[in-house]
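Chemist: What follows is target13.txt, compact mmCIF, C-alpha atoms.
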```txt
# COMPACT_ATOMS: atom_id res chain seq x y z
CA MET A 1 124.28 187.18 37.56
CA PHE A 2 127.75 186.62 36.06
CA ASP A 3 126.82 188.11 32.68
CA ILE A 4 129.64 190.03 30.98
CA TYR A 5 129.96 191.79 27.65
CA LEU A 6 132.32 190.20 25.11
CA PRO A 7 133.56 193.14 22.98
CA ILE A 8 134.82 191.21 19.94
CA ALA A 9 131.87 188.79 19.64
CA GLU A 10 129.56 191.73 20.56
CA MET A 11 127.34 189.71 22.88
CA HIS A 12 126.61 189.02 26.56
CA PHE A 13 127.78 185.69 27.98
CA ASN A 14 127.97 184.02 31.40
CA ALA A 15 131.53 184.38 32.76
CA LEU A 16 131.09 181.44 35.14
CA ILE A 17 130.42 179.07 32.23
CA LEU A 18 133.64 180.16 30.52
CA VAL A 19 135.68 179.69 33.72
CA ALA A 20 134.04 176.28 34.33
CA ILE A 21 134.73 175.02 30.79
CA GLY A 22 138.33 176.25 31.09
CA PHE A 23 138.72 174.56 34.46
CA SER A 24 137.52 171.14 33.30
CA VAL A 25 139.64 171.20 30.13
CA GLY A 26 142.59 172.38 32.23
CA VAL A 27 142.30 169.35 34.53
CA LEU A 28 142.09 166.98 31.52
CA GLY A 29 144.94 168.75 29.70
CA GLY A 30 147.30 168.69 32.67
CA PHE A 31 146.56 165.04 33.40
CA PHE A 32 146.51 163.60 29.87
CA GLY A 33 148.83 166.04 28.11
CA VAL A 34 146.27 167.15 25.55
CA GLY A 35 145.02 170.56 24.41
CA GLY A 36 141.36 169.58 24.67
CA ALA A 37 139.92 171.42 21.65
CA TRP A 38 137.69 168.39 21.01
CA VAL A 39 135.92 169.15 24.33
CA VAL A 40 135.92 172.95 24.27
CA THR A 41 134.37 173.52 20.84
CA PRO A 42 131.22 171.40 21.45
CA ALA A 43 130.94 172.73 25.01
CA LEU A 44 131.02 176.36 23.83
CA ASN A 45 128.58 175.42 21.09
CA ILE A 46 126.06 174.03 23.62
CA PHE A 47 126.02 177.30 25.57
CA GLY A 48 125.58 179.45 22.47
CA PHE A 49 129.08 180.87 22.03
CA PRO A 50 129.50 182.06 18.40
CA MET A 51 131.23 179.35 16.41
CA ALA A 52 133.19 181.88 14.34
CA TYR A 53 135.29 182.59 17.45
CA ALA A 54 135.23 179.15 19.11
CA ILE A 55 138.41 177.65 17.61
CA GLY A 56 140.54 180.82 17.85
CA THR A 57 139.46 181.54 21.43
CA ASP A 58 140.06 177.91 22.34
CA LEU A 59 143.58 177.91 20.88
CA ALA A 60 144.42 181.18 22.66
CA HIS A 61 143.52 179.74 26.07
CA ILE A 62 145.28 176.43 25.24
CA PHE A 63 148.53 178.38 24.74
CA GLY A 64 148.34 180.02 28.19
CA LYS A 65 147.25 176.80 29.86
CA SER A 66 150.04 174.70 28.34
CA ILE A 67 152.64 177.16 29.71
CA VAL A 68 151.29 176.46 33.21
CA ALA A 69 151.10 172.69 32.72
CA THR A 70 154.47 172.32 30.93
CA ALA A 71 156.28 174.35 33.61
CA LYS A 72 154.88 172.10 36.30
CA HIS A 73 155.57 168.87 34.39
CA ARG A 74 159.15 170.10 33.87
CA LYS A 75 159.53 170.50 37.64
CA MET A 76 158.47 166.87 37.99
CA GLY A 77 161.03 165.75 35.38
CA ASN A 78 158.31 164.79 32.88
CA VAL A 79 159.43 166.84 29.85
CA ASP A 80 161.90 165.44 27.33
CA MET A 81 162.94 168.69 25.59
CA LYS A 82 164.96 167.00 22.84
CA LEU A 83 162.10 164.69 21.93
CA GLY A 84 159.60 167.55 22.17
CA LEU A 85 161.58 169.75 19.76
CA LEU A 86 161.88 166.88 17.27
CA SER A 87 158.15 166.29 17.56
CA ILE A 88 157.47 169.90 16.57
CA VAL A 89 159.56 169.67 13.37
CA GLY A 90 158.04 166.32 12.31
CA SER A 91 154.50 167.40 13.21
CA VAL A 92 154.63 170.68 11.25
CA ILE A 93 155.51 168.85 8.00
CA GLY A 94 152.96 166.12 8.75
CA VAL A 95 150.17 168.62 9.44
CA GLU A 96 150.86 170.33 6.11
CA ILE A 97 150.67 167.03 4.21
CA GLY A 98 147.45 166.07 6.05
CA ALA A 99 145.85 169.45 5.29
CA ARG A 100 146.69 169.14 1.59
CA ASN A 101 145.28 165.60 1.49
CA VAL A 102 142.00 166.91 2.95
CA MET A 103 141.91 169.63 0.28
CA TRP A 104 142.26 166.97 -2.39
CA LEU A 105 139.46 164.92 -0.78
CA THR A 106 137.31 168.08 -0.64
CA LYS A 107 137.88 168.58 -4.36
CA VAL A 108 136.58 165.06 -5.09
CA GLY A 109 133.72 165.52 -2.58
CA LEU A 110 134.77 162.87 -0.06
CA ALA A 111 136.34 164.90 2.76
CA GLY A 112 133.43 164.81 5.25
CA PRO A 113 132.75 161.07 5.53
CA VAL A 114 136.39 159.98 5.06
CA VAL A 115 137.64 162.31 7.82
CA ARG A 116 134.83 161.41 10.23
CA TYR A 117 135.17 157.63 9.72
CA THR A 118 138.97 157.87 10.12
CA TYR A 119 138.41 159.86 13.31
CA MET A 120 135.99 157.28 14.68
CA PHE A 121 138.21 154.35 13.70
CA LEU A 122 141.19 156.03 15.34
CA LEU A 123 139.42 156.95 18.60
CA PHE A 124 137.72 153.54 19.02
CA GLY A 125 140.79 151.60 17.81
CA LEU A 126 143.21 153.45 20.04
CA GLY A 127 140.86 153.32 23.03
CA LEU A 128 140.21 149.59 22.67
CA TYR A 129 143.90 148.84 22.16
CA MET A 130 144.78 150.79 25.30
CA LEU A 131 142.09 148.92 27.26
CA TYR A 132 143.46 145.61 25.95
CA ASP A 133 146.98 146.71 26.89
CA TYR A 134 145.79 147.61 30.40
CA PHE A 135 143.94 144.35 31.04
CA THR A 136 146.76 142.12 29.71
CA LYS A 137 149.64 143.89 31.44
CA ASP A 138 149.97 141.31 34.22
CA LYS A 139 150.04 138.43 31.72
CA ARG A 140 152.78 140.17 29.73
CA ALA A 141 154.78 140.93 32.87
CA ALA A 142 154.60 137.24 33.83
CA ALA A 143 155.75 136.15 30.35
CA GLN A 144 158.63 138.64 30.53
CA ALA A 145 159.65 137.35 33.94
CA ALA A 146 159.58 133.75 32.62
CA LYS A 147 161.80 134.81 29.69
CA MET A 148 164.29 136.46 32.04
CA ALA A 149 164.34 133.35 34.22
CA ALA A 150 165.01 131.18 31.15
CA ALA A 151 167.84 133.50 30.10
CA ARG A 152 169.40 133.23 33.54
CA ALA A 153 169.16 129.44 33.30
CA GLY A 154 171.18 129.55 30.07
CA ALA A 155 168.44 129.09 27.44
CA PRO A 156 168.93 131.22 24.26
CA VAL A 157 166.70 134.29 24.13
CA PRO A 158 165.65 135.46 20.63
CA PRO A 159 166.87 139.05 19.98
CA ARG A 160 164.22 141.80 20.06
CA LYS A 161 163.44 143.07 16.59
CA ALA A 162 164.04 146.79 16.14
CA TRP A 163 164.67 149.10 13.19
CA ASN A 164 168.10 150.53 13.90
CA LEU A 165 168.87 152.56 10.79
CA PRO A 166 171.47 155.22 11.71
CA PRO A 167 171.65 157.93 12.90
CA MET A 168 170.60 156.73 16.35
CA ILE A 169 169.53 159.33 18.91
CA HIS A 170 169.70 159.02 22.67
CA PHE A 171 167.02 160.70 24.80
CA PRO A 172 168.39 160.75 28.36
CA ALA A 173 165.22 162.15 29.95
CA SER A 174 163.12 159.28 28.55
CA GLY A 175 165.96 156.76 28.86
CA ILE A 176 165.67 155.51 25.26
CA THR A 177 167.95 155.24 22.23
CA ILE A 178 166.11 155.07 18.95
CA SER A 179 166.65 155.58 15.22
CA PHE A 180 166.17 159.17 14.04
CA TRP A 181 163.96 157.78 11.27
CA THR A 182 161.64 155.99 13.67
CA VAL A 183 161.12 159.20 15.66
CA THR A 184 160.67 161.33 12.53
CA GLY A 185 158.33 158.77 10.97
CA VAL A 186 156.15 158.63 14.08
CA PHE A 187 155.87 162.42 14.37
CA LEU A 188 155.30 162.80 10.65
CA PHE A 189 152.47 160.27 10.92
CA THR A 190 150.89 161.83 14.03
CA GLY A 191 151.25 165.29 12.44
CA TRP A 192 149.64 163.99 9.26
CA LEU A 193 146.73 162.58 11.28
CA SER A 194 146.19 165.87 13.11
CA GLY A 195 146.31 167.84 9.84
CA PHE A 196 143.98 165.32 8.21
CA LEU A 197 141.47 165.28 11.06
CA GLY A 198 141.75 169.01 11.80
CA VAL A 199 142.62 168.58 15.47
CA GLY A 200 145.52 169.71 17.69
CA GLY A 201 146.90 166.19 17.79
CA GLY A 202 147.71 165.83 21.50
CA PHE A 203 145.45 162.81 21.89
CA ILE A 204 147.29 161.06 19.03
CA ARG A 205 150.84 162.07 20.02
CA MET A 206 150.53 161.03 23.67
CA PRO A 207 149.80 157.32 22.97
CA ALA A 208 152.28 157.39 20.05
CA LEU A 209 155.02 158.51 22.44
CA ILE A 210 154.17 155.59 24.73
CA TYR A 211 153.57 152.77 22.25
CA LEU A 212 155.71 153.71 19.23
CA ILE A 213 158.63 155.58 20.79
CA GLY A 214 158.68 153.82 24.16
CA CYS A 215 158.43 156.76 26.59
CA PRO A 216 157.26 156.29 30.18
CA THR A 217 153.62 157.49 30.46
CA ALA A 218 154.32 160.57 32.63
CA ILE A 219 157.08 161.71 30.24
CA ALA A 220 154.75 161.19 27.27
CA VAL A 221 152.19 163.47 28.97
CA GLY A 222 154.75 166.21 29.79
CA THR A 223 156.51 166.09 26.40
CA ASP A 224 153.21 166.19 24.55
CA LEU A 225 152.19 169.30 26.48
CA PHE A 226 155.51 170.89 25.51
CA SER A 227 154.58 170.36 21.83
CA VAL A 228 151.02 171.63 22.46
CA LEU A 229 152.57 174.85 23.84
CA PHE A 230 154.14 175.64 20.47
CA SER A 231 151.14 174.69 18.36
CA GLY A 232 148.93 176.68 20.76
CA ALA A 233 151.17 179.78 20.46
CA TYR A 234 151.10 179.59 16.68
CA GLY A 235 147.34 178.96 16.66
CA CYS A 236 146.70 181.85 19.07
CA PHE A 237 148.68 184.28 16.90
CA THR A 238 147.42 183.17 13.49
CA TYR A 239 143.74 183.15 14.57
CA GLY A 240 144.33 186.56 16.20
CA VAL A 241 145.51 187.94 12.84
CA LYS A 242 142.40 186.40 11.24
CA ALA A 243 140.21 188.29 13.76
CA ARG A 244 138.85 185.10 15.30
CA VAL A 245 139.91 185.41 18.97
CA GLU A 246 137.44 186.74 21.55
CA ILE A 247 140.05 187.97 24.01
CA ILE A 248 137.89 188.48 27.13
CA ALA A 249 136.44 184.97 26.78
CA ALA A 250 139.95 183.56 26.28
CA ILE A 251 141.23 185.26 29.47
CA LEU A 252 138.30 183.93 31.51
CA MET A 253 138.78 180.42 30.15
CA LEU A 254 142.50 180.68 30.83
CA MET A 255 141.84 181.60 34.47
CA GLY A 256 139.84 178.42 34.97
CA ALA A 257 142.20 176.34 32.84
CA SER A 258 145.35 177.43 34.68
CA ILE A 259 143.92 176.35 38.02
CA GLY A 260 142.57 173.14 36.47
CA ALA A 261 145.93 172.38 34.83
CA GLN A 262 147.73 172.67 38.17
CA ILE A 263 145.30 170.12 39.62
CA GLY A 264 145.61 167.80 36.60
CA VAL A 265 149.42 167.87 36.61
CA THR A 266 149.64 167.31 40.36
CA ALA A 267 147.33 164.28 40.00
CA VAL A 268 149.92 162.63 37.67
CA LYS A 269 152.13 162.32 40.75
CA TYR A 270 149.58 160.06 42.45
CA VAL A 271 148.43 157.85 39.56
CA ARG A 272 150.63 155.14 38.05
CA GLY A 273 151.35 155.12 34.30
CA TYR A 274 148.86 152.35 33.53
CA GLY A 275 146.16 154.17 35.52
CA ILE A 276 146.60 157.23 33.30
CA ARG A 277 146.41 155.02 30.20
CA LEU A 278 143.17 153.38 31.41
CA LEU A 279 141.43 156.73 32.06
CA PHE A 280 142.69 158.08 28.73
CA ALA A 281 141.32 155.01 26.92
CA ILE A 282 137.87 155.52 28.47
CA MET A 283 137.93 159.22 27.59
CA ILE A 284 138.77 158.71 23.92
CA ILE A 285 136.21 155.91 23.50
CA LEU A 286 133.55 158.34 24.76
CA ALA A 287 134.92 161.00 22.38
CA GLY A 288 134.61 158.41 19.58
CA LEU A 289 131.00 157.79 20.59
CA SER A 290 130.37 161.52 20.34
CA VAL A 291 131.82 161.63 16.80
CA ALA A 292 129.67 158.61 15.85
CA LEU A 293 126.54 160.43 17.11
CA LYS A 294 127.55 163.47 15.08
CA GLN A 295 127.95 161.32 11.98
CA PHE A 296 124.31 160.25 12.39
CA ARG A 297 123.27 163.89 12.90
CA PHE A 298 122.56 163.70 16.64
CA ASN A 299 124.55 166.91 17.10
CA THR A 300 123.16 167.97 20.48
CA SER A 301 123.55 164.48 21.98
CA ALA A 302 127.10 164.33 20.60
CA ALA A 303 128.04 167.59 22.32
CA TRP A 304 126.45 166.51 25.61
CA VAL A 305 128.24 163.13 25.55
CA VAL A 306 131.67 164.70 25.15
CA MET A 307 130.94 167.37 27.75
CA CYS A 308 129.56 164.94 30.34
CA ALA A 309 132.52 162.60 29.69
CA ALA A 310 134.93 165.48 30.27
CA LEU A 311 133.18 166.56 33.48
CA GLY A 312 132.98 162.97 34.76
CA MET A 313 136.67 162.41 34.05
CA CYS A 314 137.51 165.67 35.85
CA VAL A 315 135.73 164.42 38.95
CA VAL A 316 137.61 161.07 38.75
CA ILE A 317 140.98 162.86 38.43
CA MET A 318 140.24 165.17 41.37
CA VAL A 319 139.15 162.22 43.52
CA LYS A 320 142.38 160.37 42.61
CA LEU A 321 144.38 163.47 43.52
CA TRP A 322 142.64 163.81 46.87
CA GLN A 323 143.06 160.09 47.69
CA GLY A 324 146.75 160.18 46.75
CA PHE A 325 147.34 163.35 48.72
CA LYS A 326 145.66 161.91 51.83
CA LYS A 327 147.66 158.68 51.51
CA GLU A 328 150.91 160.62 51.13
CA LYS A 329 150.09 162.71 54.19
CA ALA A 330 149.27 159.59 56.21
CA ASP A 331 152.56 157.95 55.08
CA LYS A 332 154.52 161.04 56.08
CA GLY A 333 152.80 160.96 59.47
CA LEU A 334 153.93 157.35 59.98
CA HIS A 335 157.61 158.10 59.29
CA MET B 336 178.75 148.77 1.27
CA LYS B 337 176.60 148.99 4.42
CA ARG B 338 177.65 152.63 4.84
CA THR B 339 176.64 153.49 1.26
CA LEU B 340 173.31 151.75 1.71
CA THR B 341 172.70 153.71 4.92
CA LEU B 342 173.50 156.98 3.12
CA VAL B 343 171.18 156.14 0.20
CA LEU B 344 168.38 155.15 2.57
CA ASN B 345 168.85 158.37 4.58
CA PHE B 346 168.68 160.43 1.39
CA LEU B 347 165.53 158.65 0.20
CA LEU B 348 163.82 159.05 3.56
CA LEU B 349 164.71 162.75 3.66
CA SER B 350 162.95 163.27 0.33
CA VAL B 351 159.71 161.58 1.45
CA PRO B 352 157.99 164.62 3.05
CA ALA B 353 158.77 166.84 0.04
CA THR B 354 157.32 164.36 -2.43
CA MET B 355 154.18 163.99 -0.33
CA LEU B 356 153.32 167.72 -0.43
CA PHE B 357 151.28 167.67 -3.58
CA ALA B 358 148.03 169.57 -3.27
CA ALA B 359 146.85 173.06 -2.37
CA GLU B 360 145.98 174.07 1.19
CA GLU B 361 142.96 175.84 2.61
CA LYS B 362 143.38 178.69 5.07
CA ALA B 363 140.99 180.13 7.65
CA GLU B 364 139.50 183.27 6.13
CA LEU B 365 139.72 186.69 7.72
CA LEU B 366 136.52 187.86 9.43
CA GLN B 367 135.54 191.13 7.72
CA LYS B 368 134.04 193.01 10.65
CA LYS B 369 134.45 196.40 12.35
CA LEU B 370 133.35 196.91 15.96
CA ASP B 371 131.20 199.84 17.09
CA LEU B 372 133.64 201.52 19.49
CA THR B 373 131.09 204.02 20.85
CA LYS B 374 129.56 201.20 22.93
CA LEU B 375 132.89 200.25 24.51
CA SER B 376 134.91 201.67 27.39
CA GLY B 377 138.02 200.83 29.44
CA ILE B 378 139.82 197.60 28.58
CA ASN B 379 137.10 196.58 26.10
CA PHE B 380 137.71 199.83 24.19
CA PHE B 381 141.47 199.15 24.15
CA PHE B 382 141.02 195.66 22.68
CA GLY B 383 138.30 196.81 20.28
CA LYS B 384 140.41 199.70 18.99
CA TRP B 385 143.34 197.46 18.06
CA TYR B 386 140.95 194.86 16.63
CA ASN B 387 139.58 197.52 14.28
CA GLU B 388 142.87 199.26 13.47
CA ASN B 389 145.57 196.61 13.19
CA LEU B 390 144.95 192.88 13.53
CA TRP B 391 148.69 192.10 13.69
CA ILE B 392 149.05 194.19 16.84
CA TYR B 393 145.81 192.69 18.18
CA ALA B 394 147.26 189.19 17.60
CA ILE B 395 150.52 190.13 19.38
CA ILE B 396 148.55 191.57 22.33
CA VAL B 397 146.46 188.38 22.56
CA THR B 398 149.49 186.06 22.38
CA VAL B 399 151.60 188.01 24.91
CA LEU B 400 148.66 188.46 27.27
CA MET B 401 147.85 184.74 27.23
CA GLY B 402 151.47 183.91 28.08
CA VAL B 403 151.72 186.49 30.87
CA VAL B 404 148.34 185.67 32.45
CA GLY B 405 149.20 181.95 32.27
CA LEU B 406 152.52 182.51 34.03
CA LEU B 407 151.00 184.77 36.70
CA ILE B 408 148.22 182.31 37.54
CA ALA B 409 150.78 179.48 37.59
CA LEU B 410 152.86 181.38 40.16
CA VAL B 411 149.90 182.19 42.40
CA THR B 412 148.37 178.69 42.32
CA ASP B 413 151.83 177.20 42.90
CA VAL B 414 152.16 179.22 46.11
CA ILE B 415 148.65 178.21 47.23
CA LEU B 416 149.26 174.50 46.49
CA LYS B 417 152.57 174.68 48.37
CA MET B 418 150.80 176.24 51.36
CA ILE B 419 148.39 173.30 51.56
CA GLY B 420 151.24 170.82 51.13
CA MET B 421 150.68 169.83 47.49
CA GLU B 422 154.06 170.98 46.16
CA VAL B 423 155.68 168.88 43.42
CA SER B 424 159.26 167.87 42.77
CA LYS B 425 160.95 165.29 40.52
CA ILE B 426 158.95 162.07 40.53
CA GLU B 427 159.88 158.44 39.85
CA HIS B 428 158.20 157.02 36.80
CA HIS B 429 156.07 153.96 37.66
CA GLU B 430 154.18 152.20 34.89
```
Take the structure in the file and give it back as structure tokens.

Modeler:
Amino acid sequence: MFDIYLPIAEMHFNALILVAIGFSVGVLGGFFGVGGAWVVTPALNIFGFPMAYAIGTDLAHIFGKSIVATAKHRKMGNVDMKLGLLSIVGSVIGVEIGARNVMWLTKVGLAGPVVRYTYMFLLFGLGLYMLYDYFTKDKRAAAQAAKMAAARAGAPVPPRKAWNLPPMIHFPASGITISFWTVTGVFLFTGWLSGFLGVGGGFIRMPALIYLIGCPTAIAVGTDLFSVLFSGAYGCFTYGVKARVEIIAAILMLMGASIGAQIGVTAVKYVRGYGIRLLFAIMIILAGLSVALKQFRFNTSAAWVVMCAALGMCVVIMVKLWQGFKKEKADKGLH
Amino acid sequence: MKRTLTLVLNFLLLSVPATMLFAAEEKAELLQKKLDLTKLSGINFFFGKWYNENLWIYAIIVTVLMGVVGLLIALVTDVILKMIGMEVSKIEHHE
């Protein structure tokens, strides 16, 4: 019923499927600050979209979607421009190093397993750490409060260890002052990982901004999307030149993604930082499971796992948005 | 002494990325394909024509179009969300 002709891929495809995939990745992208290529490619694959165009088409729609999401996050004060620009410089160099390392591994015939096991280790490790962080937050808050009480009572408090090699940079939007080398090192490392694993890198940068740089969660989400905007623009153009973008499919996906991104970003307003971290942890553990299934050649199951996880998470985010909106309306009614 | 050490460390750290770039890179290859334009009409013909004739212009069209469509949809959905009371402004950051 919704069949359309895709002129570049030279095939008929269901427009509704493209809009729906775009919508769900838009919700996830706006809420978590990621591009979502790790969901789109297997999803397109399941429905028979030609793989030759999958990555280019995906990157093209990610560019348009991240404009929508970044603009909205900026309105909410969630984008640290200075940090975002630094992240782009560090990431570009890191990606290049990662890509060259993969080429070397390819030459010695080890690229496939090394990349996949690193990917799995990273997704499971990061997800489990974030879960641990979530479930021990109250204990840590209590310990911090006890330390503060002891300091007020006059007991000596050991100084917090930090690497303060000059030059130090202040990021007013995030409210942090940190060594230039720490920031560069972190972005070089996250860029290296994304070049090494062949992914956009949003899902690595977002937790790195929280845990290694010290950004508040909402600012990490917004700033990460700001970086995704630039990598998406570059990806869109370069894959266009390489004849790998199916433009009609990209526009349809963008239509769904732009609406989804608005919903995802608005939901950030109603969910506390730790809530976002918990949902993100669950999402990347499921993505890790999908990669593990792929490693053992259960390709179809792997694609279904990541797609069902994405759809399930979309529903959770929309429910959270609706609950928060209703609560806000009720509170306004009381005042 | 501390100042000199800082300068030396800064210099060493600056040289790290350059020393790490040591192998060749792989690039996505160009798809060698020409579309049959006789089957296409309207907007599909426009995109197909540029795809066949000049991929640089095709890439510029794709990139600009994605940006413009993204912005337009953002404006429209923003108005709709405002109408139903879901407008956003600066938020406080709770962890």

Chemist: Work out how far apart atom CA of A:Phe237 and atom CA of B:Ile395 are and give it in Å to one decimal.

Modeler: 6.6 Å

Chemist: One decimal, Å: what's the distance from atom CA of A:Phe196 over to atom CA of A:Ser66, could you say?

Modeler: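 Computing it gives 23.0 Å between the two atoms.
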
Chemist: Kindly indicate which residue among A:Leu86, A:Ala60, A:Val114, A:Val221 lies nearest to chain B, using all atoms listed in the file for the distances.

Modeler: A:Ala60

Chemist: Report, in Å to a single decimal, how far apart atom CA of A:Leu6 and atom CA of A:Ala243 are.

Modeler: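 For atom CA of A:Ala243 relative to atom CA of A:Leu6, the distance reads 14.0 Å.
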
Chemist: Could you name the residues that touch A:Gly214 at 9 Å or less, counting only C-alpha atoms, but leaving out those on the same chain fewer than 6 positions away, as a PyMOL selection string?

Modeler: chain A and resi 174+176+208+220

Chemist: Could those residues be written to a file, using C-alpha atoms, as a compact mmCIF listing (two decimals), in the coordinates of the input?

Modeler:
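Final file, part25.txt:
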```txt
# COMPACT_ATOMS: atom_id res chain seq x y z
CA SER A 174 163.12 159.28 28.55
CA ILE A 176 165.67 155.51 25.26
CA ALA A 208 152.28 157.39 20.05
CA ALA A 220 154.75 161.19 27.27
```

Chemist: Counting all atoms listed in the file, which of A:Val89, A:Val39, A:Ala71, A:Leu131 gets nearest to A:Leu279?

Modeler: A:Leu131

Chemist: Starting from chain A, keep only residues with some atom at most 8 Å from an atom of chain B, counting all atoms listed in the file, and report them as a ChimeraX atom specification.

Modeler: /A:7-8,10,60-61,63-65,67-68,72,75-77,93-94,96-97,99-101,103-104,165-166,181,216-218,233,236-244,247,251,254-255,258-259,262,266,269,272-274,325

Chemist: Restricting the calculation to only C-alpha atoms, which member of A:Tyr53, A:Met206, A:Gly48, A:Ser24 is positioned closest to A:Ile317?

Modeler: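 The answer is A:Ser24, which sits nearest to A:Ile317.
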